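target08.txt follows (compact mmCIF, C-alpha atoms):
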```txt
# COMPACT_ATOMS: atom_id res chain seq x y z
CA MET H 1223 9.31 5.34 -2.59
CA ALA H 1224 7.49 5.52 -5.92
CA PHE H 1225 6.71 9.00 -7.30
CA GLU H 1226 9.14 10.64 -4.82
CA GLY H 1227 10.98 12.61 -7.52
CA LEU H 1228 7.75 13.44 -9.37
CA THR H 1229 6.08 14.68 -6.17
CA GLU H 1230 9.03 16.95 -5.33
CA LYS H 1231 9.17 18.51 -8.82
CA ILE H 1232 5.41 19.08 -9.11
CA SER H 1233 5.31 20.54 -5.58
CA ALA H 1234 8.12 22.93 -6.53
CA ALA H 1235 6.16 24.09 -9.60
CA PHE H 1236 3.04 24.70 -7.49
CA LYS H 1237 5.09 26.57 -4.88
CA LYS H 1238 6.16 29.11 -7.51
CA LEU H 1239 2.52 29.63 -8.49
CA ARG H 1240 1.41 30.11 -4.87
CA GLY H 1241 4.01 32.83 -4.44
CA LYS H 1242 2.15 35.05 -6.95
CA GLY H 1243 -0.93 37.03 -6.04
CA ARG H 1244 -2.33 36.93 -9.57
CA LEU H 1245 -1.39 34.59 -12.38
CA THR H 1246 -0.76 35.38 -16.01
CA GLU H 1247 -0.94 32.97 -18.94
CA ALA H 1248 2.89 33.03 -19.01
CA ASP H 1249 3.00 31.88 -15.35
CA VAL H 1250 0.75 28.92 -16.15
CA LYS H 1251 2.81 27.98 -19.23
CA ALA H 1252 6.03 28.05 -17.17
CA ALA H 1253 4.46 25.77 -14.54
CA MET H 1254 3.16 23.39 -17.20
CA ARG H 1255 6.64 23.21 -18.73
CA GLU H 1256 8.07 22.12 -15.36
CA ILE H 1257 5.31 19.55 -14.84
CA ARG H 1258 5.89 18.22 -18.40
CA LEU H 1259 9.60 17.70 -17.66
CA ALA H 1260 8.78 16.07 -14.30
CA LEU H 1261 6.41 13.59 -15.99
CA LEU H 1262 8.92 12.73 -18.74
CA GLU H 1263 11.65 12.17 -16.14
CA ALA H 1264 9.21 9.85 -14.32
CA ASP H 1265 9.21 7.71 -17.50
CA VAL H 1266 5.66 8.58 -18.53
CA SER H 1267 4.94 8.01 -22.23
CA TYR H 1268 5.62 11.14 -24.36
CA LYS H 1269 2.20 10.95 -26.03
CA VAL H 1270 0.48 10.57 -22.64
CA VAL H 1271 2.40 13.60 -21.28
CA LYS H 1272 1.53 15.69 -24.34
CA ASP H 1273 -2.19 14.90 -24.08
CA PHE H 1274 -2.19 15.43 -20.30
CA ILE H 1275 -0.45 18.84 -20.45
CA GLY H 1276 -2.76 19.89 -23.29
CA LYS H 1277 -5.87 19.11 -21.22
CA VAL H 1278 -4.55 20.80 -18.06
CA SER H 1279 -3.36 23.90 -19.95
CA ALA H 1280 -6.68 24.31 -21.75
CA ARG H 1281 -8.49 24.39 -18.41
CA ALA H 1282 -5.83 26.34 -16.49
CA VAL H 1283 -5.66 29.39 -18.77
CA GLY H 1284 -9.41 30.01 -18.61
CA THR H 1285 -10.62 33.34 -17.23
CA ASP H 1286 -12.38 31.62 -14.32
CA VAL H 1287 -8.95 30.39 -13.15
CA LEU H 1288 -6.75 33.41 -13.89
CA GLU H 1289 -9.27 35.81 -12.34
CA SER H 1290 -9.91 33.61 -9.30
CA LEU H 1291 -8.89 34.84 -5.86
CA THR H 1292 -6.88 31.62 -5.43
CA PRO H 1293 -5.72 30.70 -8.97
CA ALA H 1294 -2.85 28.50 -7.74
CA GLN H 1295 -5.28 26.33 -5.77
CA MET H 1296 -7.56 26.09 -8.81
CA ILE H 1297 -4.65 24.80 -10.92
CA VAL H 1298 -3.75 22.21 -8.25
CA LYS H 1299 -7.40 21.10 -8.36
CA ILE H 1300 -7.31 20.81 -12.17
CA VAL H 1301 -4.04 18.82 -12.15
CA ASN H 1302 -5.48 16.52 -9.45
CA GLU H 1303 -8.64 15.89 -11.48
CA GLU H 1304 -6.73 15.25 -14.72
CA LEU H 1305 -4.24 12.92 -13.00
CA THR H 1306 -7.16 10.96 -11.56
CA ALA H 1307 -8.82 10.72 -14.99
CA LEU H 1308 -5.48 9.66 -16.55
CA MET H 1309 -5.21 6.70 -14.15
CA GLY H 1310 -8.81 5.58 -14.57
CA SER H 1311 -11.06 7.88 -12.50
CA GLU H 1312 -12.21 5.27 -9.97
CA ASN H 1313 -11.27 1.93 -8.44
CA GLN H 1314 -12.17 -1.03 -10.68
CA LYS H 1315 -13.07 -4.12 -8.67
CA LEU H 1316 -12.36 -7.73 -9.61
CA ARG H 1317 -15.35 -9.21 -11.43
CA LEU H 1318 -16.74 -12.14 -9.45
CA ALA H 1319 -18.66 -15.04 -10.98
CA SER H 1320 -22.39 -15.30 -10.27
CA GLN H 1321 -21.85 -19.06 -10.02
CA PRO H 1322 -18.56 -19.90 -8.18
CA PRO H 1323 -15.75 -20.53 -8.66
CA THR H 1324 -14.39 -17.22 -9.98
CA VAL H 1325 -11.37 -18.05 -12.16
CA VAL H 1326 -8.59 -15.44 -12.21
CA MET H 1327 -5.79 -15.98 -14.72
CA LEU H 1328 -2.52 -14.29 -13.74
CA VAL H 1329 -0.17 -13.52 -16.62
CA GLY H 1330 3.04 -11.56 -17.05
CA LEU H 1331 6.73 -11.61 -17.89
CA GLN H 1332 9.23 -13.54 -15.81
CA GLY H 1333 10.50 -11.53 -12.83
CA ALA H 1334 7.45 -9.28 -12.56
CA GLY H 1335 6.43 -10.91 -9.26
CA LYS H 1336 3.49 -12.85 -10.65
CA THR H 1337 3.65 -15.80 -8.24
CA THR H 1338 4.07 -13.73 -5.08
CA ASN H 1339 1.54 -11.07 -6.03
CA GLY H 1340 -0.98 -13.67 -7.15
CA ALA H 1341 -0.68 -15.22 -3.68
CA LYS H 1342 -1.05 -11.76 -2.11
CA LEU H 1343 -4.27 -11.27 -4.07
CA ALA H 1344 -5.59 -14.66 -2.96
CA GLY H 1345 -4.71 -13.73 0.63
CA LEU H 1346 -6.59 -10.44 0.30
CA PHE H 1347 -9.76 -12.25 -0.78
CA LYS H 1348 -9.33 -14.87 1.92
CA LYS H 1349 -9.52 -12.03 4.49
CA GLN H 1350 -12.84 -11.08 2.86
CA GLY H 1351 -14.25 -14.54 3.57
CA LYS H 1352 -13.45 -16.26 0.28
CA ARG H 1353 -11.95 -19.78 -0.06
CA PRO H 1354 -9.25 -19.34 -2.71
CA LEU H 1355 -7.22 -22.04 -4.48
CA LEU H 1356 -3.77 -21.34 -5.95
CA VAL H 1357 -2.89 -23.31 -9.10
CA ALA H 1358 0.65 -24.02 -10.33
CA CYS H 1359 0.48 -23.72 -14.13
CA ASP H 1360 4.11 -22.60 -14.54
CA ILE H 1361 5.87 -25.86 -15.38
CA TYR H 1362 9.02 -24.30 -16.87
CA ARG H 1363 10.65 -22.01 -14.32
CA PRO H 1364 12.81 -23.93 -11.83
CA ALA H 1365 11.17 -24.13 -8.39
CA ALA H 1366 8.09 -22.20 -9.55
CA ILE H 1367 5.78 -24.88 -8.11
CA LYS H 1368 7.73 -24.99 -4.84
CA GLN H 1369 7.60 -21.17 -4.54
CA LEU H 1370 3.82 -21.20 -4.91
CA GLN H 1371 3.55 -23.94 -2.29
CA VAL H 1372 5.71 -21.95 0.16
CA VAL H 1373 3.64 -18.74 -0.13
CA GLY H 1374 0.44 -20.78 -0.08
CA GLU H 1375 1.50 -22.42 3.18
CA LYS H 1376 2.34 -19.03 4.73
CA LEU H 1377 -1.12 -17.74 3.85
CA ASP H 1378 -2.84 -21.05 4.70
CA ILE H 1379 -4.19 -21.30 1.14
CA PRO H 1380 -4.28 -24.71 -0.66
CA VAL H 1381 -2.14 -25.14 -3.78
CA PHE H 1382 -3.20 -27.40 -6.67
CA GLU H 1383 -0.38 -28.88 -8.76
CA MET H 1384 0.12 -31.80 -11.14
CA GLY H 1385 3.85 -31.54 -11.63
CA GLN H 1386 5.22 -30.73 -15.07
CA THR H 1387 2.31 -31.90 -17.17
CA ASN H 1388 0.36 -29.88 -19.73
CA PRO H 1389 -0.61 -26.42 -18.26
CA VAL H 1390 -3.99 -26.52 -20.02
CA ASP H 1391 -4.82 -29.86 -18.40
CA ILE H 1392 -3.67 -28.50 -15.01
CA ALA H 1393 -5.96 -25.48 -15.31
CA LYS H 1394 -9.00 -27.59 -16.27
CA ALA H 1395 -8.36 -30.10 -13.48
CA ALA H 1396 -7.90 -27.27 -10.95
CA VAL H 1397 -11.29 -25.73 -11.75
CA ALA H 1398 -12.95 -29.16 -11.42
CA HIS H 1399 -11.11 -29.65 -8.10
CA ALA H 1400 -12.36 -26.25 -6.86
CA VAL H 1401 -15.97 -27.19 -7.68
CA ARG H 1402 -15.67 -30.47 -5.77
CA HIS H 1403 -13.95 -28.96 -2.71
CA GLY H 1404 -15.90 -25.72 -2.36
CA ASN H 1405 -13.16 -23.26 -3.39
CA ASP H 1406 -15.00 -20.18 -4.66
CA MET H 1407 -11.93 -18.51 -6.24
CA VAL H 1408 -9.23 -20.04 -8.44
CA PHE H 1409 -5.96 -18.20 -9.15
CA LEU H 1410 -3.99 -19.63 -12.09
CA ASP H 1411 -0.27 -18.85 -11.81
CA THR H 1412 0.79 -19.18 -15.45
CA ALA H 1413 4.26 -19.31 -17.00
CA GLY H 1414 6.23 -16.22 -17.94
CA ARG H 1415 9.15 -15.50 -20.25
CA LEU H 1416 11.97 -12.99 -20.21
CA HIS H 1417 10.35 -11.53 -23.34
CA VAL H 1418 6.98 -11.91 -25.00
CA ASP H 1419 7.05 -14.73 -27.58
CA GLU H 1420 4.49 -16.48 -29.73
CA GLN H 1421 4.88 -19.84 -27.97
CA LEU H 1422 4.04 -18.29 -24.58
CA MET H 1423 1.03 -16.44 -25.97
CA ASP H 1424 -0.31 -19.54 -27.71
CA GLU H 1425 -0.15 -21.44 -24.40
CA LEU H 1426 -1.93 -18.64 -22.53
CA LYS H 1427 -4.61 -18.43 -25.23
CA ALA H 1428 -5.13 -22.19 -24.93
CA ILE H 1429 -5.59 -21.91 -21.14
CA LYS H 1430 -8.01 -19.03 -21.66
CA ALA H 1431 -10.05 -21.05 -24.16
CA ALA H 1432 -10.08 -24.12 -21.88
CA VAL H 1433 -11.28 -22.52 -18.62
CA ASN H 1434 -12.85 -19.23 -19.80
CA PRO H 1435 -11.50 -17.11 -16.89
CA HIS H 1436 -13.66 -14.37 -15.44
CA GLU H 1437 -10.63 -12.10 -15.09
CA ILE H 1438 -7.22 -12.00 -16.80
CA LEU H 1439 -4.88 -9.92 -14.66
CA LEU H 1440 -1.50 -8.84 -15.99
CA VAL H 1441 1.21 -8.44 -13.33
CA VAL H 1442 3.83 -5.85 -14.34
CA ASP H 1443 6.91 -4.58 -12.54
CA ALA H 1444 6.47 -0.84 -11.86
CA MET H 1445 10.24 -0.41 -11.74
CA THR H 1446 10.58 -1.23 -15.46
CA GLY H 1447 8.78 1.97 -16.47
CA GLN H 1448 7.85 2.11 -20.17
CA ASP H 1449 8.84 -1.55 -20.64
CA ALA H 1450 5.94 -2.40 -18.30
CA VAL H 1451 3.57 -0.36 -20.46
CA ASN H 1452 4.86 -2.01 -23.66
CA ALA H 1453 4.36 -5.46 -22.08
CA ALA H 1454 0.83 -4.49 -21.05
CA GLN H 1455 0.05 -3.37 -24.59
CA THR H 1456 1.33 -6.64 -26.09
CA PHE H 1457 -0.45 -8.91 -23.60
CA ASN H 1458 -3.66 -6.94 -24.15
CA GLU H 1459 -3.44 -7.37 -27.93
CA TRP H 1460 -3.03 -11.15 -27.57
CA LEU H 1461 -5.29 -11.94 -24.61
CA ASP H 1462 -7.64 -8.95 -24.15
CA ILE H 1463 -6.71 -8.59 -20.46
CA ASP H 1464 -9.21 -7.25 -17.92
CA GLY H 1465 -6.83 -5.31 -15.72
CA VAL H 1466 -3.32 -4.76 -14.40
CA MET H 1467 -1.62 -5.35 -11.08
CA LEU H 1468 1.47 -3.18 -10.52
CA SER H 1469 4.15 -4.82 -8.37
CA LYS H 1470 7.09 -3.20 -6.52
CA LEU H 1471 5.45 0.22 -6.34
CA ASP H 1472 7.14 0.72 -2.95
CA GLY H 1473 10.61 0.75 -4.52
CA ASP H 1474 12.38 3.54 -6.39
CA ALA H 1475 9.98 3.26 -9.32
CA ARG H 1476 9.60 6.57 -11.07
CA GLY H 1477 5.89 5.97 -11.55
CA GLY H 1478 5.65 6.13 -15.34
CA ALA H 1479 3.90 2.77 -15.61
CA ALA H 1480 1.12 3.76 -13.19
CA LEU H 1481 0.49 6.98 -15.10
CA SER H 1482 0.70 5.49 -18.61
CA VAL H 1483 -0.80 2.00 -18.59
CA LYS H 1484 -4.50 3.00 -18.54
CA ALA H 1485 -4.05 5.61 -21.27
CA VAL H 1486 -2.06 3.25 -23.53
CA THR H 1487 -4.05 0.00 -23.07
CA GLY H 1488 -7.46 1.29 -22.00
CA LYS H 1489 -7.38 -1.32 -19.20
CA PRO H 1490 -7.45 -0.24 -15.54
CA ILE H 1491 -4.90 -0.85 -12.80
CA LYS H 1492 -6.87 -2.87 -10.23
CA PHE H 1493 -4.27 -3.67 -7.55
CA ILE H 1494 -0.82 -2.51 -6.46
CA GLY H 1495 1.89 -4.33 -4.53
CA MET H 1496 3.40 -2.03 -1.90
CA GLY H 1497 6.09 -4.22 -0.32
CA GLU H 1498 7.60 -7.68 -0.02
CA LYS H 1499 5.32 -8.92 2.78
CA LEU H 1500 2.38 -11.06 1.75
CA ASP H 1501 -0.18 -8.61 3.17
CA GLN H 1502 1.25 -5.57 1.36
CA ILE H 1503 -1.27 -5.29 -1.44
CA GLU H 1504 -3.90 -2.59 -2.00
CA PRO H 1505 -6.80 -1.99 -4.39
CA PHE H 1506 -5.75 0.81 -6.75
CA HIS H 1507 -7.66 4.07 -6.28
CA PRO H 1508 -6.71 6.64 -8.97
CA GLY H 1509 -7.95 9.61 -6.93
CA ARG H 1510 -5.98 8.58 -3.85
CA MET H 1511 -2.83 7.97 -5.91
CA ALA H 1512 -3.20 11.39 -7.55
CA SER H 1513 -3.42 12.96 -4.08
CA ARG H 1514 -0.25 11.13 -3.02
CA ILE H 1515 1.60 12.34 -6.13
CA LEU H 1516 0.58 15.94 -5.44
CA GLY H 1517 1.68 15.72 -1.79
CA MET H 1518 -1.91 15.94 -0.54
CA GLY H 1519 -1.76 12.66 1.42
CA ASP H 1520 -4.08 9.66 1.29
CA VAL H 1521 -6.24 9.77 4.39
CA LEU H 1522 -8.77 7.18 3.18
CA THR H 1523 -6.13 4.46 2.69
CA LEU H 1524 -4.62 5.39 6.05
CA ILE H 1525 -8.05 4.91 7.69
CA GLU H 1526 -8.48 1.54 5.96
CA LYS H 1527 -5.07 0.38 7.20
CA ALA H 1528 -6.00 1.48 10.73
CA GLU H 1529 -9.30 -0.44 10.52
CA GLN H 1530 -7.48 -3.60 9.40
CA ALA H 1531 -5.07 -3.35 12.35
CA PHE H 1532 -7.85 -2.38 14.75
CA ASP H 1533 -8.92 -4.93 17.37
CA GLN H 1534 -12.41 -4.01 18.59
CA LYS H 1535 -12.28 -6.21 21.68
CA LYS H 1536 -8.95 -4.76 22.81
CA ALA H 1537 -10.20 -1.26 22.03
CA ALA H 1538 -13.23 -1.76 24.32
CA GLU H 1539 -10.97 -3.08 27.09
CA LEU H 1540 -8.59 -0.15 26.63
CA GLU H 1541 -11.45 2.36 26.79
CA GLN H 1542 -12.57 0.85 30.08
CA LYS H 1543 -9.03 1.00 31.46
CA LEU H 1544 -8.62 4.62 30.39
CA ARG H 1545 -11.86 5.55 32.11
CA SER H 1546 -10.66 3.90 35.33
CA ASN H 1547 -7.10 5.20 34.95
CA LYS H 1548 -5.47 1.76 34.66
CA PHE H 1549 -3.33 2.10 31.53
CA THR H 1550 -0.40 -0.36 31.80
CA LEU H 1551 2.74 -1.22 29.86
CA GLN H 1552 0.87 -4.23 28.44
CA ASP H 1553 -1.71 -1.82 27.00
CA TYR H 1554 1.12 0.33 25.67
CA TYR H 1555 2.58 -2.75 23.97
CA ASP H 1556 -0.81 -3.66 22.43
CA GLN H 1557 -1.05 -0.19 20.88
CA LEU H 1558 2.46 -0.50 19.45
CA THR H 1559 1.56 -3.86 17.90
CA GLN H 1560 -1.48 -2.36 16.17
CA LEU H 1561 0.61 0.58 14.94
CA LYS H 1562 3.23 -1.80 13.48
CA GLY H 1563 0.44 -3.70 11.73
CA MET H 1564 -0.31 -0.60 9.65
CA GLY H 1565 3.08 -0.73 7.91
CA SER H 1566 6.29 1.27 8.11
CA MET H 1567 6.26 4.70 9.77
CA GLU H 1568 7.47 6.26 6.53
CA ASP H 1569 4.50 4.83 4.62
CA ILE H 1570 2.06 6.01 7.31
CA LEU H 1571 3.50 9.53 7.38
CA GLY H 1572 3.55 9.64 3.57
CA MET H 1573 -0.25 9.27 3.57
CA MET H 1574 -0.74 12.30 5.81
CA PRO H 1575 -1.70 15.56 4.08
CA GLY H 1576 1.13 18.07 3.90
CA VAL H 1577 3.88 15.54 4.58
CA ASN H 1578 5.72 15.46 1.26
CA ALA H 1579 8.73 13.47 0.13
CA GLY H 1580 11.11 16.32 0.96
CA ALA H 1581 9.90 16.47 4.56
CA LEU H 1582 10.29 12.71 4.97
CA LYS H 1583 13.78 12.84 3.50
CA ASN H 1584 14.89 15.33 6.15
CA ALA H 1585 13.07 13.59 9.01
CA THR H 1586 14.76 11.11 11.30
CA ILE H 1587 12.48 8.08 11.39
CA ASP H 1588 13.87 5.37 13.63
CA GLU H 1589 11.89 2.33 12.46
CA LYS H 1590 13.84 0.12 14.91
CA ALA H 1591 12.70 2.18 17.92
CA LEU H 1592 9.30 0.45 17.91
CA SER H 1593 10.99 -2.96 17.78
CA ARG H 1594 13.32 -2.05 20.65
CA THR H 1595 10.38 -0.86 22.74
CA GLU H 1596 8.56 -4.09 21.94
CA ALA H 1597 11.62 -6.14 22.99
CA ILE H 1598 11.92 -4.24 26.29
CA ILE H 1599 8.28 -4.82 27.25
CA LEU H 1600 8.39 -8.49 26.21
CA SER H 1601 11.47 -8.97 28.42
CA MET H 1602 9.41 -7.97 31.46
CA THR H 1603 7.33 -10.37 33.52
CA PRO H 1604 3.52 -10.00 33.36
CA TYR H 1605 3.66 -8.55 36.90
CA GLU H 1606 6.22 -5.91 35.86
CA ARG H 1607 4.13 -4.86 32.87
CA GLU H 1608 1.10 -4.36 35.11
CA ASN H 1609 3.13 -2.70 37.90
CA PRO H 1610 6.01 -0.71 36.33
CA ASN H 1611 6.66 1.06 39.66
CA CYS H 1612 8.31 -2.14 40.90
CA LEU H 1613 11.12 -1.80 38.34
CA ASN H 1614 14.22 -1.23 40.46
CA HIS H 1615 17.80 -1.14 39.13
CA SER H 1616 18.25 -4.90 39.42
CA ARG H 1617 15.10 -5.65 37.42
CA LYS H 1618 16.06 -3.05 34.80
CA ARG H 1619 19.49 -4.67 34.33
CA ARG H 1620 17.82 -8.05 33.78
CA ILE H 1621 15.37 -6.55 31.26
CA ALA H 1622 18.21 -4.73 29.47
CA ALA H 1623 20.15 -7.98 29.12
CA GLY H 1624 17.06 -9.79 27.84
CA SER H 1625 16.16 -7.14 25.23
CA GLY H 1626 19.70 -6.23 24.13
CA VAL H 1627 19.46 -2.55 25.10
CA LYS H 1628 21.00 -0.27 27.69
CA VAL H 1629 19.32 0.58 31.00
CA GLU H 1630 19.09 4.19 29.77
CA GLU H 1631 16.64 3.11 27.03
CA ILE H 1632 14.44 1.41 29.62
CA ASN H 1633 14.43 4.60 31.69
CA ARG H 1634 13.50 6.61 28.58
CA LEU H 1635 10.59 4.26 27.84
CA LEU H 1636 9.33 4.49 31.43
CA LYS H 1637 9.56 8.28 31.25
CA GLN H 1638 7.46 8.30 28.05
CA PHE H 1639 4.99 5.92 29.67
CA ASP H 1640 4.70 8.13 32.79
CA ALA H 1641 4.10 11.18 30.59
CA MET H 1642 1.35 9.34 28.71
CA ASN H 1643 -0.25 8.21 31.97
CA ALA H 1644 -0.16 11.78 33.28
CA MET H 1645 -1.88 12.96 30.11
CA ILE H 1646 -4.51 10.21 30.43
CA ARG H 1647 -5.24 11.25 34.02
CA GLN H 1648 -5.61 14.83 32.86
CA PHE H 1649 -8.06 13.94 30.11
CA SER H 1650 -10.13 11.37 31.97
CA GLY H 1651 -11.51 13.73 34.60
CA PRO H 1652 -14.23 16.42 34.49
CA GLY H 1653 -14.32 18.52 31.30
CA ALA H 1654 -12.68 15.72 29.30
CA ALA H 1655 -14.37 16.68 26.02
CA LYS H 1656 -12.94 20.21 26.07
CA LYS H 1657 -9.51 18.90 26.99
CA MET H 1658 -9.67 16.30 24.22
CA LYS H 1659 -9.83 19.05 21.61
CA LYS H 1660 -6.57 20.35 23.03
CA LEU H 1661 -5.12 16.83 22.88
CA GLN H 1662 -5.95 16.55 19.17
CA ARG H 1663 -3.68 19.54 18.50
CA MET H 1664 -0.75 17.88 20.28
CA GLY H 1665 1.87 15.73 18.52
CA GLY H 1666 4.18 12.95 19.73
CA GLY H 1667 3.28 9.66 21.33
CA PHE H 1668 5.30 6.69 20.22
CA PRO H 1669 9.06 6.32 19.90
CA GLY H 1670 10.59 6.72 16.43
CA MET H 1671 7.91 9.17 15.24
CA PRO H 1672 9.34 12.55 14.16
CA GLY H 1673 7.70 15.91 14.58
CA PHE H 1674 7.04 18.21 11.65
```
Conversion result in structure tokens:
Amino acid sequence: MAFEGLTEKISAAFKKLRGKGRLTEADVKAAMREIRLALLEADVSYKVVKDFIGKVSARAVGTDVLESLTPAQMIVKIVNEELTALMGSENQKLRLASQPPTVVMLVGLQGAGKTTNGAKLAGLFKKQGKRPLLVACDIYRPAAIKQLQVVGEKLDIPVFEMGQTNPVDIAKAAVAHAVRHGNDMVFLDTAGRLHVDEQLMDELKAIKAAVNPHEILLVVDAMTGQDAVNAAQTFNEWLDIDGVMLSKLDGDARGGAALSVKAVTGKPIKFIGMGEKLDQIEPFHPGRMASRILGMGDVLTLIEKAEQAFDQKKAAELEQKLRSNKFTLQDYYDQLTQLKGMGSMEDILGMMPGVNAGALKNATIDEKALSRTEAIILSMTPYERENPNCLNHSRKRRIAAGSGVKVEEINRLLKQFDAMNAMIRQFSGPGAAKKMKKLQRMGGGFPGMPGF
């Protein structure tokens, strides 16, 4: 995951500070030296690192910090605040047109993930009730138009294309098409190059002049580090971009681009791609990202993911079943489905406060356990899901054959289910509120989730 190495090194520097009752100026300088090295190894621009360390050091060696009862915590707070400021202080939203359609021009180098991430962005706004239109303005890359059509079909978003004609004419015709057909957002997927060249920039400037986009978003590959920042600087000089979308931030990116691009270009990161799936895109929140980097978790994003996966109707039905003590394997399956909708277990745990990269590295997270459990329950008949007590050895053998697991795994699932039902019975009776507080302090629940 991105920032893994940076998080470990900064956490180690803070750990040394926390081990001291009182801090001296020398202690702070030693910690800043370690943080400086960690940032440089994360491929953050040298000038950005120098300015950042200077600001943190100036605040950290003040008497109000050194004489504080908890100086280490004060320094963590200062680093958190400065990291947040470095990345842009607050989330910058996409500027929408007062008179639709809003035209968003997507630019970037070839291989940055412009087509896929542009479609992800259109999908994100479709969930918010918009009617987006994807436009194929890349007439050079082989199969670029076909790729856009494929992702558009998956997201059920229309794609406008005119073959390999002039990209400027395509963009103008697409905006006119959107006006006629009621599309309130237009996403122009423009051509890229392996390197920035004058011919590419002239074409992009011509498209910009023809359709006057409300937003120019640069898509950069977070895994390219300082090259991504250099590309952002060049595109900004030519086109005066409005913001940046970082792709592939879920990979082994060291994080330098995310920490440098705002300081170098002055333009904010607005969105981040967190995986290959078409729904794995997030608005960029500098404060939340700073908390992730410092191992403090990201509870707000975790809550938002839970809300997106949350089905209110099913939740009301489940509440009624819990009150009447009728929790079934079908209900268990529904909860697993919602949990899977929030993303990988590693991503979920990484957003929890106190769960740092080192802890996740040592934890055994069996991502396939949820899928196996899902396969077992789906191999049962509706009657068996509602009445698991009927599962004799013959039925279990049939279910095992249908789900590709051993009978022992079915027995383990039923044991977990019985334990959960026993707990539900315990907490649904008199004095439930008091018992619920005890429940909140308990761990466990679903298969594949480690304990810490």
Applying 8 Å and all atoms listed in the file, which residues near Cys1359 (chain H) remain after dropping the ones on its own chain fewer than 3 positions away? List them as a VMD selection string.
chain H and resid 1383 1389 to 1390 1392 to 1393 1410 to 1413
Interatomic distance (Å, one decimal) between CA of Pro1380 (chain H) and CA of Pro1354 (chain H):
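Taking CA of Pro1380 (chain H) as the start and CA of Pro1354 (chain H) as the end point, the length is 7.6 Å.
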Point-to-point distance in Å for CA of Ala1480 (chain H) and CA of Asn1458 (chain H):
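So the answer is 16.0 Å.
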Take CA of Gln1321 (chain H) and CA of Arg1402 (chain H) and report the distance between them in Å, one decimal.
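CA of Gln1321 (chain H) sits 13.7 Å away from CA of Arg1402 (chain H).
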Among the residues H:Ala1341, H:Ala1400, H:Ala1431, H:Ile1463, the one that comes closest to Val1329 (chain H) [using only C-alpha atoms]:
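Result for the nearest residue to Val1329 (chain H): H:Ile1463.
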Near Asn1339 (chain H), within 12 Å and counting only C-alpha atoms, which residues show up once chain neighbours fewer than 4 positions away are dropped, as a PyMOL selection string?
chain H and resi 1328-1330+1333-1335+1343-1346+1356+1369-1370+1373-1374+1409-1411+1439-1443+1466-1471+1493-1504
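In this comparison, which uses only C-alpha atoms, the residue of H:Asp1406, H:Asp1472, H:Asp1449, H:Asp1391 approaching Glu1226 (chain H) most closely is H:Asp1472.
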Given only C-alpha atoms as the counted atoms, nearest of H:Ser1320, H:Asn1434, H:Thr1487, H:Asn1643 to Ala1454 (chain H)
H:Thr1487
Spatial neighbours of Leu1262 (chain H), 12 Å, all atoms listed in the file, chain gap at least 3 places, as JSON, numbers by chain:
{"H": [1227, 1228, 1231, 1255, 1256, 1257, 1258, 1259, 1265, 1266, 1267, 1268, 1269, 1270, 1271, 1272, 1274, 1275, 1447, 1448, 1476, 1477, 1478, 1479, 1481, 1482]}
Could you pull the residues within 7 Å of Gly1465 (chain H), counting all atoms listed in the file, minus those fewer than 4 positions along the same chain, as a ChimeraX atom specification?
/H:1438-1440,1489-1492
Which one is closest to Ile1297 (chain H): H:Lys1237, H:Lys1618, H:Lys1349, H:His1417? Count all atoms listed in the file.
H:Lys1237
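Comparing the minimum interatomic distances between Arg1619 (chain H) and each of H:Ser1601, H:Gln1421, H:Asn1388, H:Asn1313, counting only C-alpha atoms, we find that H:Ser1601 sits nearest.
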For Thr1387 (chain H), which residue among H:Asp1360, H:Val1451, H:Leu1636, H:Phe1347 is the nearest when counting all atoms listed in the file?
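Of all the options, H:Asp1360 lies closest to Thr1387 (chain H).
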Fewer than 2 positions away in the same chain doesn't count, so skip those; otherwise give me all residues within 9 Å of Leu1461 (chain H), counting only C-alpha atoms, as a list in words.
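Here the answer would be Met1423, Leu1426, Lys1427, Lys1430, Ile1438, Thr1456, Phe1457, Asn1458, Glu1459 and Ile1463 of chain H.
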If we draw a sphere of 6 Å around (-6.7, 7.5, -18.1), which residues have at least one atom in it when counting all atoms listed in the file? Please report them as a list in words.
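Here is the list of nearby residues: Ala1307, Leu1308, Met1309, Gly1310, Lys1484 and Ala1485 of chain H.
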